[in-house]
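Worksheet for the structure shown next.
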Amino acid sequence: MKNTSIYRAPLEDIRFVIWQQNQTEEWLESYCPWLNRALVDQILQEAADFAELTLSASYQQADKQECWLDPAGKVHVPESYGTLLVSFREEWGDRLKSREQGGLGLPPLIMYAVLEMFMGAHPSFMTYVGFNEPALQLLNRFGSPQQRETYGPPLAEYRWTSCLCITEADAGSDLSRISAQAERQPDGRYLITGEKRFISAGMHSLTENMVWFVLARIKNAPAGVLGLSCFIIPRFDNGQDNQVRCSEVVQKMGLKGCANTHLRFGEHGNCYGYLMGEKENIGLVQLLSMMTPARISTGIYALGMASSAYLNALNYAHHRVQGKQFNRAMSAQAPSLPIIDHPDVQRMLSEMKALTEGCRALLGKLGVAETHYLQAKKLDNSQVAEKQLAFFELLTPLVKAYCSNKAWVVAENAIQVLGGNGYLTKYPVEQYARDCKILSIWEGTNHIQAQFLLRDKLGMGLRDTHGLQELHQRLLTFTEQAKMHTELKEMAEQLEQSTILLDSSLREIGEYVLRGQMLSVPACANILMEMVAEVIIAWCLLEAASSASGCNDIRVREGKLSTANYFIGTSLPMTIAKAHQVRYLLQSGSVSNAAFARNEVDV
């Protein structure tokens, strides 16, 4: 049967990453004895069907309807979302829960795969239900018993939805400037006043209630981030309107089905919040625990959209007949060809394939590291837990930043492959481009992610952090094995050389830090992030080629080998240029010395 869905589920590659590349079957039944390969494959197939047949059906329609705010203050969302929420709740609400909550208890690697399909099929809709599971984790870790009892069940059952509220007009990345206020009342509640902006899915009427987790400052609390507390604010508190209002639904480039809201707390009446865990001034610590799943989700959103953009472009290239073979372009007798036969289209598709499969394999490594960490922690094996956690934390900012950066590249290429049709709303690739662009800004911009990676996970080039040590050990083990195989040897040697260049650039940064020349370092962070990511993506793709070498399907064997060759031959050599970029930026002192910064700042 021909696939007519807008979204195209990459089920074959998802299964390859799970079963071949990560050998999940070897540990699945010992870690999750209630699961087996047949059951997981069934779950993945059902997730793909739900993504393609249910979620994807209104993807383009929701973009055209867009969210809006009426004069009475009601937020309107696309018409299909009410029905979608019912379907999601009935078909997947229970299944996505943890084992303890009565769900399937999927390990991270498999959960990531399911979410990739859902988030890729209808990213705007998934913002309405996407924070429920992180909210439950937050409640279970920091909430009081009464808070867990009150808010846990309706969130777990998707009868209520939840949002994280941090950003303010004058407090984006600088949380020390947060001005939302809380004042303790005699009954233990807190009176909340203030505003929050850019809150995704921040107001709607799809569910009977909503819960906001709000970062605010208690009256007379210390200045700066150390004086921030986290409050649980229900939209309806014991059946009463809790005076949270939406003053604006912003008009934006993409994700138009997601109501991005400006919320006002307590402007027209008393708004009450409940202090998370009944502990003051630790709100940032509490909410930082949410940053990791939020960043991972951003990477999953990116991969889901990028993968479908690529598969849509691939399908189009097979069927679109245009132009003749390059060396016969002037021949009247030469037949016109499907555009997939043109070398430059093949180049674009090869890049898109390498990026999407590489990012999926990167997420696979993250999921396996998280699984092994949780298992080691459960078994009280601190040595293994420490190594797995360090590797997991090294990969997390890469998943967020690199995947979201490259989703934009993939979507742009998809538009180019479709040519003029790619610019039309009739085809989904232009929407993928608009929808994925926000991901490089969400949950801490990618430049902030890069600085975090350089400072906290790469030790500013001054020391080998635990994560860096673990990466080096894994790369060394793999490349030594890969060099023993004739068809992988040359690529493994290129990977080694790029790793050496990366280490050299890190040492150069460390030397500038030691000399106290810190201001030039942040300008290098994004380039370093790309270097680290591309070394790991090259490793992932080469590992995939190695894993496929024993596969009976020649198409899979040759495809994985060709993809690794392409990325290592075209993208990995850029580490040389990036090493030169790092050196230039360090030696120039700071890009702020550039003429435009000195002479054109007041234009």
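Residue numbers start at 1 in each chain; chains themselves are named A, B, ... in the order of the structure tokens; ligands are numbered from 1 in the order shown.
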
Report task. Write out as a PyMOL selection string the residues lying within 10 Å of range 115-117 of chain A, counting only C-alpha atoms and excluding same-chain residues fewer than 2 positions away. Result -> chain A and resi 7-11+14+44+47-52+55-56+96+110-113+119-123+126+130+297+299-305+307-308+360

Restricting it to C-alpha atoms, dump the selection as a compact mmCIF listing (two decimals), in the first residue's frame.
# COMPACT_ATOMS: atom_id res chain seq x y z
CA TYR A 7 4.95 12.11 7.97
CA ARG A 8 7.20 9.20 7.04
CA ALA A 9 8.30 6.97 9.89
CA PRO A 10 11.92 5.75 9.56
CA LEU A 11 11.03 2.42 11.15
CA ILE A 14 15.04 2.94 14.13
CA LEU A 44 7.32 0.50 17.38
CA ALA A 47 3.75 3.99 17.21
CA ALA A 48 4.61 4.40 13.53
CA ASP A 49 0.99 3.74 12.55
CA PHE A 50 -0.29 6.24 15.14
CA ALA A 51 2.21 8.84 13.94
CA GLU A 52 1.46 8.40 10.25
CA LEU A 55 -1.05 12.52 14.34
CA SER A 56 0.16 13.45 10.87
CA LEU A 96 4.10 5.69 28.00
CA ILE A 110 13.01 2.77 22.91
CA MET A 111 11.10 5.68 24.44
CA TYR A 112 13.22 8.07 22.35
CA ALA A 113 12.26 6.13 19.21
CA MET A 119 7.18 14.59 17.62
CA GLY A 120 8.08 14.35 13.96
CA ALA A 121 4.49 13.61 12.93
CA HIS A 122 2.88 16.56 14.71
CA PRO A 123 5.33 18.65 16.77
CA MET A 126 2.98 17.22 21.10
CA GLY A 130 5.04 16.74 26.15
CA SER A 297 13.20 16.35 23.88
CA GLY A 299 16.86 17.00 20.00
CA ILE A 300 14.14 14.40 19.47
CA TYR A 301 11.79 16.99 17.98
CA ALA A 302 14.61 18.03 15.64
CA LEU A 303 15.38 14.49 14.53
CA GLY A 304 11.71 13.66 13.98
CA MET A 305 11.13 16.62 11.67
CA SER A 307 14.02 12.65 9.20
CA SER A 308 10.58 13.13 7.66
CA ARG A 360 19.53 9.02 15.47

**Report entry** Nearby residues (only C-alpha atoms) at most 12 Å from Gln517 in chain A, same-chain spacing under 2 positions excluded, as a list in words
**Finding:** Glu508, Ile509, Gly510, Glu511, Tyr512, Val513, Leu514, Arg515, Leu519, Ser520, Val521, Pro522, Leu585, Leu586, Gln587, Ser588, Gly589 and Ser590 of chain A

Write the residues you've just listed into a file as a tab-separated table (two decimals), in the first residue's frame, and include all heavy atoms for each of them.
chain	number	residue	atom	x	y	z
A	508	GLU	N	44.70	24.28	23.06
A	508	GLU	CA	44.94	25.70	22.77
A	508	GLU	C	44.02	26.59	23.59
A	508	GLU	O	44.45	27.62	24.13
A	508	GLU	CB	44.74	25.97	21.27
A	508	GLU	CG	45.86	25.45	20.39
A	508	GLU	CD	45.70	25.90	18.95
A	508	GLU	OE1	45.68	27.14	18.74
A	508	GLU	OE2	45.59	25.05	18.06
A	509	ILE	N	42.75	26.20	23.69
A	509	ILE	CA	41.82	26.97	24.50
A	509	ILE	C	42.27	26.98	25.95
A	509	ILE	O	42.26	28.02	26.63
A	509	ILE	CB	40.39	26.40	24.37
A	509	ILE	CG1	39.83	26.71	22.98
A	509	ILE	CG2	39.46	26.95	25.46
A	509	ILE	CD1	38.51	26.05	22.67
A	510	GLY	N	42.70	25.82	26.44
A	510	GLY	CA	43.18	25.73	27.82
A	510	GLY	C	44.35	26.66	28.09
A	510	GLY	O	44.46	27.25	29.17
A	511	GLU	N	45.25	26.81	27.12
A	511	GLU	CA	46.40	27.70	27.29
A	511	GLU	C	45.96	29.15	27.44
A	511	GLU	O	46.50	29.90	28.25
A	511	GLU	CB	47.35	27.56	26.09
A	511	GLU	CG	48.07	26.21	26.06
A	511	GLU	CD	48.81	25.98	24.75
A	511	GLU	OE1	48.81	26.92	23.89
A	511	GLU	OE2	49.36	24.87	24.55
A	512	TYR	N	44.97	29.57	26.66
A	512	TYR	CA	44.46	30.94	26.78
A	512	TYR	C	43.77	31.15	28.12
A	512	TYR	O	43.87	32.21	28.72
A	512	TYR	CB	43.52	31.26	25.62
A	512	TYR	CG	44.26	31.72	24.39
A	512	TYR	CD1	44.92	30.81	23.55
A	512	TYR	CD2	44.35	33.07	24.06
A	512	TYR	CE1	45.62	31.22	22.44
A	512	TYR	CE2	45.04	33.50	22.94
A	512	TYR	CZ	45.69	32.57	22.13
A	512	TYR	OH	46.39	33.00	21.03
A	513	VAL	N	43.06	30.13	28.58
A	513	VAL	CA	42.40	30.23	29.89
A	513	VAL	C	43.44	30.39	30.99
A	513	VAL	O	43.29	31.22	31.89
A	513	VAL	CB	41.51	29.00	30.13
A	513	VAL	CG1	40.96	29.01	31.56
A	513	VAL	CG2	40.36	28.95	29.13
A	514	LEU	N	44.50	29.60	30.91
A	514	LEU	CA	45.56	29.69	31.93
A	514	LEU	C	46.21	31.07	31.96
A	514	LEU	O	46.62	31.55	33.02
A	514	LEU	CB	46.63	28.62	31.66
A	514	LEU	CG	46.28	27.19	32.08
A	514	LEU	CD1	47.36	26.23	31.63
A	514	LEU	CD2	46.10	27.10	33.60
A	515	ARG	N	46.29	31.71	30.79
A	515	ARG	CA	46.89	33.04	30.73
A	515	ARG	C	45.90	34.13	31.12
A	515	ARG	O	46.24	35.31	31.09
A	515	ARG	CB	47.43	33.31	29.31
A	515	ARG	CG	48.60	32.41	28.92
A	515	ARG	CD	49.40	33.03	27.79
A	515	ARG	NE	48.67	33.15	26.56
A	515	ARG	CZ	48.71	32.26	25.56
A	515	ARG	NH1	49.45	31.15	25.70
A	515	ARG	NH2	48.04	32.44	24.45
A	519	LEU	N	38.16	36.21	27.41
A	519	LEU	CA	37.09	36.82	26.63
A	519	LEU	C	37.00	36.26	25.20
A	519	LEU	O	35.95	36.35	24.57
A	519	LEU	CB	37.27	38.34	26.58
A	519	LEU	CG	37.03	39.06	27.91
A	519	LEU	CD1	37.23	40.56	27.73
A	519	LEU	CD2	35.63	38.77	28.44
A	520	SER	N	38.10	35.70	24.70
A	520	SER	CA	38.05	35.15	23.35
A	520	SER	C	37.49	33.73	23.33
A	520	SER	O	37.12	33.23	22.27
A	520	SER	CB	39.45	35.16	22.74
A	520	SER	OG	40.34	34.42	23.55
A	521	VAL	N	37.42	33.09	24.49
A	521	VAL	CA	37.03	31.68	24.54
A	521	VAL	C	35.58	31.44	24.12
A	521	VAL	O	35.31	30.52	23.35
A	521	VAL	CB	37.31	31.11	25.95
A	521	VAL	CG1	36.69	29.72	26.11
A	521	VAL	CG2	38.81	31.05	26.20
A	522	PRO	N	34.59	32.24	24.60
A	522	PRO	CA	33.20	31.95	24.22
A	522	PRO	C	32.96	31.94	22.71
A	522	PRO	O	32.08	31.22	22.23
A	522	PRO	CB	32.40	33.06	24.90
A	522	PRO	CG	33.24	33.46	26.07
A	522	PRO	CD	34.65	33.34	25.58
A	585	LEU	N	40.22	32.84	16.21
A	585	LEU	CA	39.40	33.54	17.20
A	585	LEU	C	40.16	33.76	18.50
A	585	LEU	O	40.00	34.79	19.16
A	585	LEU	CB	38.10	32.78	17.44
A	585	LEU	CG	37.12	32.79	16.26
A	585	LEU	CD1	35.99	31.81	16.50
A	585	LEU	CD2	36.57	34.20	16.03
A	586	LEU	N	40.97	32.79	18.87
A	586	LEU	CA	41.77	32.95	20.09
A	586	LEU	C	42.82	34.03	19.90
A	586	LEU	O	43.02	34.90	20.76
A	586	LEU	CB	42.45	31.62	20.45
A	586	LEU	CG	41.54	30.51	20.98
A	586	LEU	CD1	42.32	29.19	21.07
A	586	LEU	CD2	40.96	30.87	22.34
A	587	GLN	N	43.49	34.01	18.75
A	587	GLN	CA	44.58	34.96	18.52
A	587	GLN	C	44.07	36.38	18.28
A	587	GLN	O	44.76	37.35	18.61
A	587	GLN	CB	45.41	34.50	17.32
A	587	GLN	CG	46.21	33.23	17.59
A	587	GLN	CD	46.93	32.72	16.37
A	587	GLN	OE1	46.69	33.18	15.24
A	587	GLN	NE2	47.81	31.74	16.56
A	588	SER	N	42.86	36.49	17.75
A	588	SER	CA	42.33	37.83	17.48
A	588	SER	C	41.84	38.51	18.75
A	588	SER	O	41.48	39.68	18.72
A	588	SER	CB	41.18	37.76	16.47
A	588	SER	OG	40.06	37.11	17.04
A	589	GLY	N	41.82	37.78	19.85
A	589	GLY	CA	41.43	38.37	21.13
A	589	GLY	C	39.96	38.26	21.39
A	589	GLY	O	39.53	37.77	22.40
A	590	SER	N	39.16	38.72	20.47
A	590	SER	CA	37.70	38.64	20.60
A	590	SER	C	37.10	39.19	19.33
A	590	SER	O	37.62	40.12	18.74
A	590	SER	CB	37.20	39.45	21.79
A	590	SER	OG	35.79	39.50	21.78

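If you measure from each of A:Arg184, A:Lys387, A:Lys256, A:Arg347 to Ser124 in chain A using only C-alpha atoms, the closest one turns out to be A:Lys256.
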
Requested in this report: From the DSSP assignment of the backbone, select every residue of range 142-188 of chain A that is helix (DSSP H, G or I), and format the answer as a ChimeraX atom specification.
Outcome: /A:142,145-156,175-177

Query - Contacts of range 67-71 of chain A within 8 Å, only C-alpha atoms, excl. fewer than 5 positions in-chain, as an MDAnalysis selection string - result: chainID A and resid 76:78 248:249 256:259

Query raised in the report: Any idea what the distance is between CA of Glu90 in chain A and CA of Leu206 in chain A?
Result: 14.7 Å

Query raised in the report: Between A:Gly323, A:Gly367, A:Pro573, A:Pro397, which has the minimum distance to Val17 in chain A (counting only C-alpha atoms)?
Result: A:Gly367

Query raised in the report: Counting only C-alpha atoms, what is within 9 Å of Ser547 in chain A, bar same-chain residues fewer than 2 positions away, as an MDAnalysis selection string?
Result: chainID A and resid 20:22 542:545 549:551 557 560

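Among A:Asn421, A:Gln61, A:Ser144, A:Gln322, the residue with the shortest atom-to-atom distance to His342 in chain A, counting only C-alpha atoms, is A:Gln322.
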
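With only C-alpha atoms as the atoms that count, the minimum distance from Glu157 in chain A to the choices A:Val368, A:Val214, A:Ile339, A:Leu85 is reached by A:Leu85.
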